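*Asks:* The structure under discussion is supplied below as structure tokens; questions concerning it will follow.
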Amino acid sequence: MMRLVIATEAILFISLMITYVYFDLSVGFTKQSINYLDIKSTGIFSVLLFSSSFTLVQAEKNYSEGKIKKLKIWLFATIVLGSVFLFGQAKEYFKLLNNHFNISLDVFSTNFFTLTGFHAFHVIIGLILLIIVFILTLAGDFDRPNSTALSSIGMYWHFVDIVWILVFTLVYVLPYLLK
Amino acid sequence: MFKPVMDISIFNPQSESGWRLYHLDIYFIIASSFILLLVIGLLIYIALKFRAKPNDAEPKQIKNNKLIEALMIGIPFIMVSFFFYLTIKTMKETEPITHNETPTVEINGRQWWWQVSYPGTSVVTANEIHLPANKKVLLKLTASDVIHDWWVPSFGPKMDMIPGLVNYLWLKIDKPGIYEGACSEFCGKQHSKMRIRVIAQTQENYQKWLTENAKTANIAIDSSLIKGAAIFQKASCAGCHQIRGTMANGNVGPDLTHLASRQTILSGTVKNTTENLYRFIDNPNKIKPGVNMPRFFLQQDSLKALVTYLHSLK
Amino acid sequence: METVNVPEPEESLPSTSISNDQGLLQWISTVDHKQIGILYLLMSVLFLLLGGVAALLIRVQLSVPNNNFLSPEMYNQLFTMHGTTMVFLVMTPAILGFSVYFVPLMIGANDLAFPRMNAFSLWIGLFGGMLLYFSFLAGGAPDAGWFNYAPLNQRAYSQSSGIDYYCIGLLLVGIGTVGTSINLIVTIIYYRAKGMSLRKLPVFVWMILINSFLIVAAFPPLNAALSMLLLDRQLQTHFFNNTSGGSPIVWQHLFWSFGHPEVYILILPSFGILSEVFQVYSRKPIFGYSFIVGSGIAIALLAFGVWVHHMFAVGLGLTVYSYFAASSMLIGVPTGVKVFNWLGTMWGGSLRFTTSMLFAMAFLVEFTIGGLSGVAFAIVPIDWQLTDSYFVVAHLHYVFVGGSLFGLMAGLFYWYPKMSGKMISEKLGKWFFWLFVIGFNMTFFIQHILGIKGMPRRVYTYPDLPGYTWMNMLSTIGGFLMSLSFLLLFYILHKSYKIGKPAGNDPWDAYTLEWTVSSPPKIRNFTELPPIYSYRAFRDLKENAKNNKHGK
């Protein structure tokens with residue numbers, strides 16, 4: 001089931017990214033992307049998000065081996081990394097908004113906020129799911145390795161990460177390389 | 001209401017493209033009638049022949065037949081390929097690529113009327129489109145607000161008019177006459193009343209019309225007209241409408257320089273008479289709901305003077 | 001994976017009444033797939049009434065030229081709501097209703113894989129529909145057509161909040177539809193009876209499986225487009241507004257890359273129903289099982305490569321058009337050839353002309369008309385003449401009504417005894433059939449001619465041109481016949497439920513597993529399942545029993 005959810009979500013992001021590319025080709029986003037966006041700080045936060053995928057893998061591994069204590073630690077690390085990424089996104093948004101770069105400014109801002117906003121929204125959903133699992137773990141509901149909840153959420157979380165790799169490449173890295 | 005001068009139908013082709021598409025239509029009708037009759041025929045035959053009879057044994061359980069299935073795919077595939085070939089051929093003939101040729105006429109779709117201008121001349125008019133017959137002309141099709149669509153069934157293809165984009169269409173009308181069509185993309189409240197009238201003329205008459213319409217409007221000297229002309233400027237008509245040769249140079253509503261020379265008003269929906277014009281200006285929304293022109297609540301005599309003036313703009 | 005172990009009470013299903021110990025509450029809180037299926041069908045009926053009233057008002061307005069019965073504002077809201085309602089809130093729930101009711105029964109499962117998600121999907125879809133209709137009270141319904149083209153859908157051209165409700169309503173409906181589809185896929189993949197390999201799946205289940213994948217893949221572009229439109233309208237973004245750099249064409253691409261698969265989403269389940277109906281009433285197996293299934297898959301794949309044939313008049317260039325003309329003609333082949341598969345199924349059979357079978361046979365003709373006029377739109381130059389004219393209106397009604405709805409009607413008359421436990425009145429059913437077929441053809445066939453004579457679609461009125469008046473009047477009369485026939489249908493359904501003969505488990509001597517259980521089925525569908533030898537599992541069982549009795 002989670003695979004199907006991811007499939008339908010993936011097509012949603014593909015639609016959004018194709019729209020981004022369409023406008024990029026017809027209007028040209030390169031200059032604005034370099035002018036407005038801070039590739040370095042977002043890059044650092046992105047690395048944190050990517051590493052959260054590895055911590056979650058560790059969590060799943062320990063869970064399947066029945067090491068519940070380690071599971072808790074790795075799960076917590078994942079949640080922290082995800083939250084820090086969101087914090088980074090929020091910081092970037094605030095900075096942009098303070099520079100009067102808002103969603104209704106032009107075609108680039110429209111596409112930028114929609115694409116990254118949709119991604120951030122999915123990170124939030126992922127975090128909520130992880131936090132629920134974490135609380136359940138603390139409550140002792142995940143003492144034995146027979147639930148598929150964690151691996152399902154894991155699949156979703158990796159998907160959100162992969163989407164970010166694509167979005168980050170499209171919005172931040174490519175204009176930088178092609179300038 | 002007036003009757004259209006030509007029967008409106010895709011089976012009454014009146015242009016070069018119209019004829020090309022007409023032939024394709026006929027081929028398609030023959031092929032599709034064949035398939036439809038085949039299905040109906042088979043169905044009736046089967047229904048009569050294989051109707052259940054009392055004490056029928058269970059029929060033979062045939063699951064498939066490779067040959068029949070191959071034919072079932074093969075024959076339609078061949079038919080479809082044939083039509084694909086015709087499609088490509090007709091498409092290429094009907095819409096050859098443009099190479100920066102100057103269009104004969106530029107038609108701009110607006111909610112809910114057509115602005116018509118002739119590049120290379122100063123002629124700007126509305127709704128009634130004069131074109132030379134028996135000559136290949138290029139139409140430039142644009143839109144200012146929402147998507148509209150150019151469609152005169154007798155001329156063959158339609159073409160969308162999309163804000164921000166420019167489309168072109170080639171047209172060679174067979175003979176002089178008045179041809180009707182309509183906006184064919186839903187464009188809001190008055191989509192229904194966005195009719196198209198094309199007046200095809202001989203080359204000679206067309207040139208005459210162009211020269212006539214390139215002139216500025218007659219200056220109102222007659223005392224019966226001066227009052228109306230003044231009202232036109234004062235009552236903010238001039239803010240939206242243009243009358244070339246006067247101060248009025250608005251570009252929101254139709255150009256009225258030669259209003260009286262048109263046969264119809266309101267995008268070809270009513271005859272151009274003083275009564276119709278009077279009723280419209282008196283309360284535009286009543287005649288054409290949703291129209292962008294506001295109601296001005298003019299006195300009766302002012303209104304009359306205004307209509308008299310407008311109808312002098314030959 | 002023989003049975004699903006959802007804890008369930010072992011009592012009989014309270015049928016279609018609310019007169020059981022828990023009453024209405026039991027229906028609202030149900031997670032049983034059969035009850036949810038019936039609720040879906042009831043939802044479909046509710047919106048059918050609303051969409052039908054809109055259609056009638058439209059036909060009254062168009063019955064005479066230059067009519068002032070409806071204002072253009074009202075007319076535009078009505079035709080928008082009519083289209084949106086019929087596609088998203090009538091056809092889709094009807095299909096989902098039959099799917100969630102019969103898929104588990106046909107594969108030998110006791111429920112869907114996620115019963116609670118099933119209930120959630122139903123209610124969120126209903127809520128979305130309600131929200132869409134709430135727009136009437138909130139200043140005005142959406143008024144830019146069911147495909148809602150930009151920039152007419154922007155705030156500058158549609159000031160009322162109708163289109164905002166359209167966005168949110170359809171997003172919710174979409175979530176429900178995708179949710180149910182995911183549920184159906186998982187159910188079909190993991191909960192089949194032991195021995196029921198994919199090659200032994202009944203055709204209806206196959207079509208639902210393909211269809212569900214189609215839904216999962218087709219809705220996201222719509223959701224993306226709706227979200228963008230909502231942002232455009234609420235936060236003044238610039239996706240579709242050309243004056244600030246946006247592009248109205250992007251809306252068309254996104255909408256139709258959903259919209260065209262949607263057409264197949266609405267027709268594939270009917271293909272499935274018809275395949276079952278033709279088999280049972282011809283007493284023969286389907287002609288070319290693998291072909292039917294294979295072409296279903298081919299259609300699903302091709303469906304994503306044909307959307308531009310809705311945009312042939314946009315001016316995208318001949319190269320693009322050539323590609324999409326080819327793909328659109330290609331998809332016509334597997335779709336059209338199925339008609340001959342069904343004729344082949346009937347050939348040499350022993351035909352029983354029940355109302356259900358009559359609908360299936362009429363489908364063959366109506367759908368051929370709709371399919372052929374559809375191929376006309378793949379032929380680009382013909383599309384250039386007729387797109388956005390009344391010819392399209394005729395075409396799409398021949399596909400949606402003559403195709404999808406005829407199929408669903410065949411399904412309704414076929415499965416009614418199973419769902420209600422009562423036989424449906426065949427005599428009245430045939431009255432309904434003829435009234436409906438005549439009304440339908442009278443309404444829509446003439447619209448082909450209107451399109452050819454240059455009448456654009458979506459006009460609130462038309463000038464008194466030669467032929468327009470009588471043709472439109474005829475169409476209106478046909479529309480009233482159709483509504484009359486629907487009233488008769490509701491009467492038949494009601495009456496048969498009250499005084500119909502008890503149906504028994506297997507009134508049609510049918511072939512698939514849903515007929516092995518009682519009518520209506522118990523809450524727990526199956527306690528034991530027969531071994532599965534083919535896609536006609538129940539027939540195999542009956543044949544074996546017969547052979548054993550003859551001491552073979």
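Note on naming: chains are A, B, ... as they come in the structure tokens, residues start from 1 per chain, ligands start from 1 in the order shown.
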Got a sec: who's within 10 Å of A:Val173, counting only C-alpha atoms, leaving out chain neighbours fewer than 6 positions off, as a ChimeraX atom specification?
*Replies:* /A:33-34,39,43,166-167
*Asks:* Print the selection's residues with N, CA and C atoms to a file, as a PDB file, in the first residue's frame.
*Replies:*
```pdb
ATOM      1  N   SER A  33      17.322  32.444  -9.410  1.00  0.00           N
ATOM      2  CA  SER A  33      17.686  31.394  -8.477  1.00  0.00           C
ATOM      3  C   SER A  33      19.000  31.751  -7.809  1.00  0.00           C
ATOM      4  N   ILE A  34      19.965  32.205  -8.606  1.00  0.00           N
ATOM      5  CA  ILE A  34      21.277  32.510  -8.025  1.00  0.00           C
ATOM      6  C   ILE A  34      21.209  33.756  -7.170  1.00  0.00           C
ATOM      7  N   ILE A  39      22.477  28.826  -1.770  1.00  0.00           N
ATOM      8  CA  ILE A  39      22.741  27.403  -2.004  1.00  0.00           C
ATOM      9  C   ILE A  39      23.572  26.802  -0.876  1.00  0.00           C
ATOM     10  N   GLY A  43      22.215  23.923   1.245  1.00  0.00           N
ATOM     11  CA  GLY A  43      22.982  22.711   0.982  1.00  0.00           C
ATOM     12  C   GLY A  43      23.309  21.973   2.273  1.00  0.00           C
ATOM     13  N   LEU A 166      15.972  15.663  -5.955  1.00  0.00           N
ATOM     14  CA  LEU A 166      15.587  16.167  -7.271  1.00  0.00           C
ATOM     15  C   LEU A 166      15.277  17.662  -7.219  1.00  0.00           C
ATOM     16  N   VAL A 167      14.499  18.060  -6.212  1.00  0.00           N
ATOM     17  CA  VAL A 167      14.106  19.465  -6.126  1.00  0.00           C
ATOM     18  C   VAL A 167      15.345  20.332  -5.909  1.00  0.00           C
TER      19      VAL A 167
END
```
*Asks:* Can you pull out every residue within 8 Å of C:Gly451, counting only C-alpha atoms, but drop anything in the same chain fewer than 2 positions away, and send it as a count of residues only?
*Replies:* 12
*Asks:* What parts of stretch 96-310 of chain C does DSSP call alpha helix (DSSP H)? I'd like the answer as a ChimeraX atom specification.
*Replies:* /C:96-107,115-134,162-190,203-235,248-282,289-302
*Asks:* May I have the residues from that selection written out with C-alpha atoms, as a short mmCIF file (atom, residue, chain, number, x, y, z; two decimals), in the first residue's frame?
*Replies:*
```
data_model
loop_
_atom_site.label_atom_id
_atom_site.label_comp_id
_atom_site.auth_asym_id
_atom_site.auth_seq_id
_atom_site.Cartn_x
_atom_site.Cartn_y
_atom_site.Cartn_z
CA LEU C 96 -16.52 2.49 -6.87
CA GLY C 97 -19.77 1.22 -5.39
CA PHE C 98 -19.88 -1.82 -7.66
CA SER C 99 -16.12 -2.30 -7.20
CA VAL C 100 -16.02 -2.30 -3.42
CA TYR C 101 -19.17 -4.42 -3.26
CA PHE C 102 -18.25 -7.10 -5.78
CA VAL C 103 -14.46 -7.27 -6.02
CA PRO C 104 -14.07 -9.01 -2.63
CA LEU C 105 -17.03 -11.27 -3.41
CA MET C 106 -15.62 -12.22 -6.78
CA ILE C 107 -12.15 -13.05 -5.50
CA PRO C 115 -11.99 -1.64 5.69
CA ARG C 116 -11.69 1.53 7.75
CA MET C 117 -9.85 3.34 4.99
CA ASN C 118 -12.68 2.24 2.73
CA ALA C 119 -15.17 4.04 4.95
CA PHE C 120 -12.90 7.07 5.19
CA SER C 121 -12.62 7.28 1.39
CA LEU C 122 -16.38 7.18 1.00
CA TRP C 123 -17.08 9.87 3.53
CA ILE C 124 -14.33 12.24 2.43
CA GLY C 125 -15.58 11.90 -1.14
CA LEU C 126 -19.14 12.65 -0.06
CA PHE C 127 -17.88 15.59 1.97
CA GLY C 128 -16.02 16.91 -1.09
CA GLY C 129 -19.20 16.65 -3.14
CA MET C 130 -21.21 18.45 -0.48
CA LEU C 131 -18.59 21.18 -0.35
CA LEU C 132 -18.83 21.61 -4.10
CA TYR C 133 -22.58 22.07 -3.84
CA PHE C 134 -22.22 24.36 -0.85
CA GLY C 162 -17.31 28.90 -6.78
CA ILE C 163 -14.03 27.86 -8.35
CA ASP C 164 -12.31 27.78 -4.95
CA TYR C 165 -14.95 25.29 -3.86
CA TYR C 166 -14.37 23.41 -7.10
CA CYS C 167 -10.65 23.09 -6.23
CA ILE C 168 -11.12 22.00 -2.64
CA GLY C 169 -14.13 19.80 -3.39
CA LEU C 170 -12.37 17.94 -6.18
CA LEU C 171 -9.17 17.57 -4.13
CA LEU C 172 -11.19 15.82 -1.44
CA VAL C 173 -13.10 13.70 -3.93
CA GLY C 174 -9.75 12.83 -5.49
CA ILE C 175 -8.28 11.74 -2.16
CA GLY C 176 -11.26 9.47 -1.60
CA THR C 177 -11.09 8.00 -5.09
CA VAL C 178 -7.35 7.36 -4.93
CA GLY C 179 -7.73 5.89 -1.44
CA THR C 180 -10.34 3.40 -2.58
CA SER C 181 -8.27 2.51 -5.62
CA ILE C 182 -5.20 1.75 -3.53
CA ASN C 183 -7.43 -0.32 -1.29
CA LEU C 184 -8.78 -2.26 -4.27
CA ILE C 185 -5.33 -2.90 -5.72
CA VAL C 186 -3.99 -4.26 -2.43
CA THR C 187 -7.11 -6.36 -2.02
CA ILE C 188 -6.89 -7.83 -5.49
CA ILE C 189 -3.16 -8.50 -5.24
CA TYR C 190 -3.09 -10.02 -1.73
CA VAL C 203 -12.69 -9.98 -16.25
CA PHE C 204 -14.54 -7.47 -14.08
CA VAL C 205 -11.87 -7.78 -11.39
CA TRP C 206 -9.15 -7.42 -13.99
CA MET C 207 -10.71 -4.22 -15.30
CA ILE C 208 -11.04 -2.81 -11.78
CA LEU C 209 -7.41 -3.67 -11.11
CA ILE C 210 -6.26 -1.89 -14.26
CA ASN C 211 -8.63 0.94 -13.56
CA SER C 212 -7.35 1.42 -10.04
CA PHE C 213 -3.78 1.75 -11.29
CA LEU C 214 -5.05 4.26 -13.80
CA ILE C 215 -6.70 6.29 -11.02
CA VAL C 216 -3.59 6.19 -8.85
CA ALA C 217 -1.54 7.56 -11.74
CA ALA C 218 -4.05 10.00 -13.26
CA PHE C 219 -5.27 11.97 -10.26
CA PRO C 220 -1.94 13.52 -9.14
CA PRO C 221 -1.68 15.87 -12.15
CA LEU C 222 -5.21 17.04 -11.42
CA ASN C 223 -4.37 17.56 -7.77
CA ALA C 224 -1.26 19.51 -8.74
CA ALA C 225 -3.29 21.65 -11.14
CA LEU C 226 -6.05 22.24 -8.59
CA SER C 227 -3.50 23.24 -5.94
CA MET C 228 -1.86 25.66 -8.33
CA LEU C 229 -5.20 27.14 -9.30
CA LEU C 230 -6.14 27.56 -5.65
CA LEU C 231 -2.81 29.33 -5.03
CA ASP C 232 -3.44 31.53 -8.07
CA ARG C 233 -6.82 32.52 -6.75
CA GLN C 234 -5.97 32.83 -3.08
CA LEU C 235 -2.35 33.95 -2.95
CA PRO C 248 -2.98 29.13 -19.62
CA ILE C 249 -1.64 26.21 -21.67
CA VAL C 250 -0.05 24.61 -18.60
CA TRP C 251 -3.51 24.23 -17.10
CA GLN C 252 -4.72 22.49 -20.23
CA HIS C 253 -1.76 20.10 -20.26
CA LEU C 254 -2.12 19.22 -16.58
CA PHE C 255 -5.88 18.95 -16.72
CA TRP C 256 -6.02 16.76 -19.77
CA SER C 257 -3.15 14.53 -18.67
CA PHE C 258 -5.63 13.68 -15.94
CA GLY C 259 -8.75 14.23 -18.00
CA HIS C 260 -8.13 11.79 -20.75
CA PRO C 261 -7.19 8.84 -18.53
CA GLU C 262 -10.36 9.79 -16.61
CA VAL C 263 -12.42 8.97 -19.67
CA TYR C 264 -10.98 5.46 -19.64
CA ILE C 265 -11.36 5.30 -15.87
CA LEU C 266 -15.07 5.74 -16.44
CA ILE C 267 -15.33 3.18 -19.24
CA LEU C 268 -13.06 0.29 -18.18
CA PRO C 269 -15.29 -0.87 -15.28
CA SER C 270 -18.21 -0.98 -17.69
CA PHE C 271 -16.11 -3.15 -20.00
CA GLY C 272 -15.65 -5.46 -17.03
CA ILE C 273 -19.34 -5.56 -16.16
CA LEU C 274 -20.31 -6.21 -19.77
CA SER C 275 -17.83 -9.05 -20.03
CA GLU C 276 -19.52 -10.78 -17.09
CA VAL C 277 -23.03 -10.05 -18.34
CA PHE C 278 -22.38 -11.28 -21.88
CA GLN C 279 -20.89 -14.52 -20.59
CA VAL C 280 -23.73 -15.37 -18.25
CA TYR C 281 -26.60 -14.49 -20.59
CA SER C 282 -24.94 -16.14 -23.60
CA TYR C 289 -10.06 -13.55 -22.41
CA SER C 290 -6.38 -12.72 -22.82
CA PHE C 291 -7.16 -10.24 -25.55
CA ILE C 292 -9.72 -8.41 -23.43
CA VAL C 293 -7.38 -8.22 -20.48
CA GLY C 294 -4.34 -7.39 -22.60
CA SER C 295 -6.11 -4.66 -24.49
CA GLY C 296 -7.31 -3.27 -21.15
CA ILE C 297 -3.70 -2.93 -20.09
CA ALA C 298 -2.77 -1.45 -23.46
CA ILE C 299 -5.54 1.11 -23.12
CA ALA C 300 -4.37 2.05 -19.65
CA LEU C 301 -0.82 2.64 -20.85
CA LEU C 302 -1.81 4.49 -24.01
#
```
*Asks:* Taking only C-alpha atoms into account, what are the residues of chain B at most 6 Å from chain C, put as a ChimeraX atom specification?
*Replies:* /B:8-10,50-52,59,61,63-64,87,146,153,156-160,164,184,189,192
*Asks:* Mind checking which residues fall within 12 Å of C:Glu543, counting only C-alpha atoms, ignoring those fewer than 3 positions away in the same chain, and posting them as a compact mmCIF listing (two decimals) with N, CA and C atoms, in the first residue's frame?
*Replies:*
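What landed in out_16.txt:
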```txt
# COMPACT_ATOMS: atom_id res chain seq x y z
N GLU B 58 -26.21 -26.60 -23.12
CA GLU B 58 -25.21 -25.55 -22.99
C GLU B 58 -24.43 -25.47 -24.30
N ASP C 509 -27.95 -18.53 -12.86
CA ASP C 509 -27.03 -19.63 -13.15
C ASP C 509 -25.69 -19.06 -13.60
N ALA C 510 -25.13 -18.23 -12.73
CA ALA C 510 -23.98 -17.43 -13.10
C ALA C 510 -22.66 -18.16 -12.85
N TYR C 511 -21.56 -17.47 -13.15
CA TYR C 511 -20.27 -18.15 -13.23
C TYR C 511 -19.27 -17.78 -12.13
N TYR C 533 -10.47 -23.23 -10.56
CA TYR C 533 -9.85 -23.82 -11.75
C TYR C 533 -9.76 -22.84 -12.91
N ARG C 536 -14.10 -18.82 -14.29
CA ARG C 536 -15.51 -19.07 -14.04
C ARG C 536 -15.63 -20.10 -12.92
N ALA C 537 -15.12 -19.72 -11.74
CA ALA C 537 -14.95 -20.68 -10.65
C ALA C 537 -16.27 -21.35 -10.26
N PHE C 538 -17.35 -20.58 -10.22
CA PHE C 538 -18.61 -21.13 -9.77
C PHE C 538 -19.16 -22.13 -10.81
N ARG C 539 -18.94 -21.84 -12.09
CA ARG C 539 -19.39 -22.77 -13.12
C ARG C 539 -18.64 -24.09 -13.00
N ASP C 540 -17.33 -24.00 -12.78
CA ASP C 540 -16.55 -25.23 -12.60
C ASP C 540 -17.12 -26.07 -11.48
N LYS C 546 -22.37 -31.67 -11.22
CA LYS C 546 -23.24 -32.34 -12.18
C LYS C 546 -22.59 -33.66 -12.65
N ASN C 547 -21.31 -33.56 -12.98
CA ASN C 547 -20.60 -34.74 -13.46
C ASN C 547 -20.55 -35.84 -12.40
N ASN C 548 -20.32 -35.40 -11.15
CA ASN C 548 -20.27 -36.39 -10.08
C ASN C 548 -21.60 -37.11 -9.93
N LYS C 549 -22.68 -36.28 -10.07
CA LYS C 549 -24.01 -36.85 -9.91
C LYS C 549 -24.28 -37.91 -10.98
N HIS C 550 -23.80 -37.61 -12.19
CA HIS C 550 -23.99 -38.59 -13.26
C HIS C 550 -23.00 -39.73 -13.15
N LYS C 552 -19.78 -39.78 -13.15
CA LYS C 552 -18.68 -39.77 -14.11
C LYS C 552 -17.35 -39.91 -13.36
```
*Asks:* Any idea what the distance is between atom CA of B:Cys183 and atom CA of B:Trp151?
*Replies:*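 The value is 6.1 Å.
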*Asks:* Under the rule of at most 9 Å, produce a per-residue listing of chain A near chain C: chain, number, name, the closest pair of atoms, and the distance in Å, as a Markdown table, using only C-alpha atoms.
*Replies:*
```
| residue | atom | partner | partner_atom | distance |
| --- | --- | --- | --- | --- |
| A:Met1 | CA | C:Val186 | CA | 6.3 |
| A:Leu4 | CA | C:Ile182 | CA | 6.4 |
| A:Val5 | CA | C:Ile182 | CA | 7.5 |
| A:Ala7 | CA | C:Ala217 | CA | 7.4 |
| A:Thr8 | CA | C:Val216 | CA | 5.4 |
| A:Glu9 | CA | C:Pro220 | CA | 6.9 |
| A:Ala10 | CA | C:Pro220 | CA | 8.4 |
| A:Ile11 | CA | C:Pro220 | CA | 5.8 |
| A:Leu12 | CA | C:Pro220 | CA | 4.4 |
| A:Phe13 | CA | C:Ala224 | CA | 8.0 |
| A:Ile14 | CA | C:Pro221 | CA | 8.4 |
| A:Ser15 | CA | C:Pro221 | CA | 5.5 |
| A:Leu16 | CA | C:Ala224 | CA | 6.4 |
| A:Thr19 | CA | C:Val250 | CA | 7.2 |
| A:Tyr22 | CA | C:Val250 | CA | 8.3 |
| A:Phe23 | CA | C:Gly246 | CA | 7.9 |
| A:Val27 | CA | C:Gly245 | CA | 7.6 |
| A:Ile103 | CA | C:Thr237 | CA | 6.0 |
| A:Ser104 | CA | C:Thr237 | CA | 4.3 |
| A:Leu105 | CA | C:Thr237 | CA | 7.4 |
| A:Asp106 | CA | C:His238 | CA | 6.4 |
| A:Val107 | CA | C:His238 | CA | 5.3 |
| A:Phe108 | CA | C:His238 | CA | 8.7 |
| A:Ser109 | CA | C:Thr237 | CA | 8.2 |
| A:Thr110 | CA | C:Thr237 | CA | 5.3 |
| A:Asn111 | CA | C:Phe239 | CA | 7.7 |
| A:Thr114 | CA | C:Met228 | CA | 7.8 |
```
*Asks:* What is the atom CA of B:Ile199-atom CA of B:Pro176 distance in Å, reported with one decimal?
*Replies:*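 Between atom CA of B:Ile199 and atom CA of B:Pro176 the gap is 7.4 Å.
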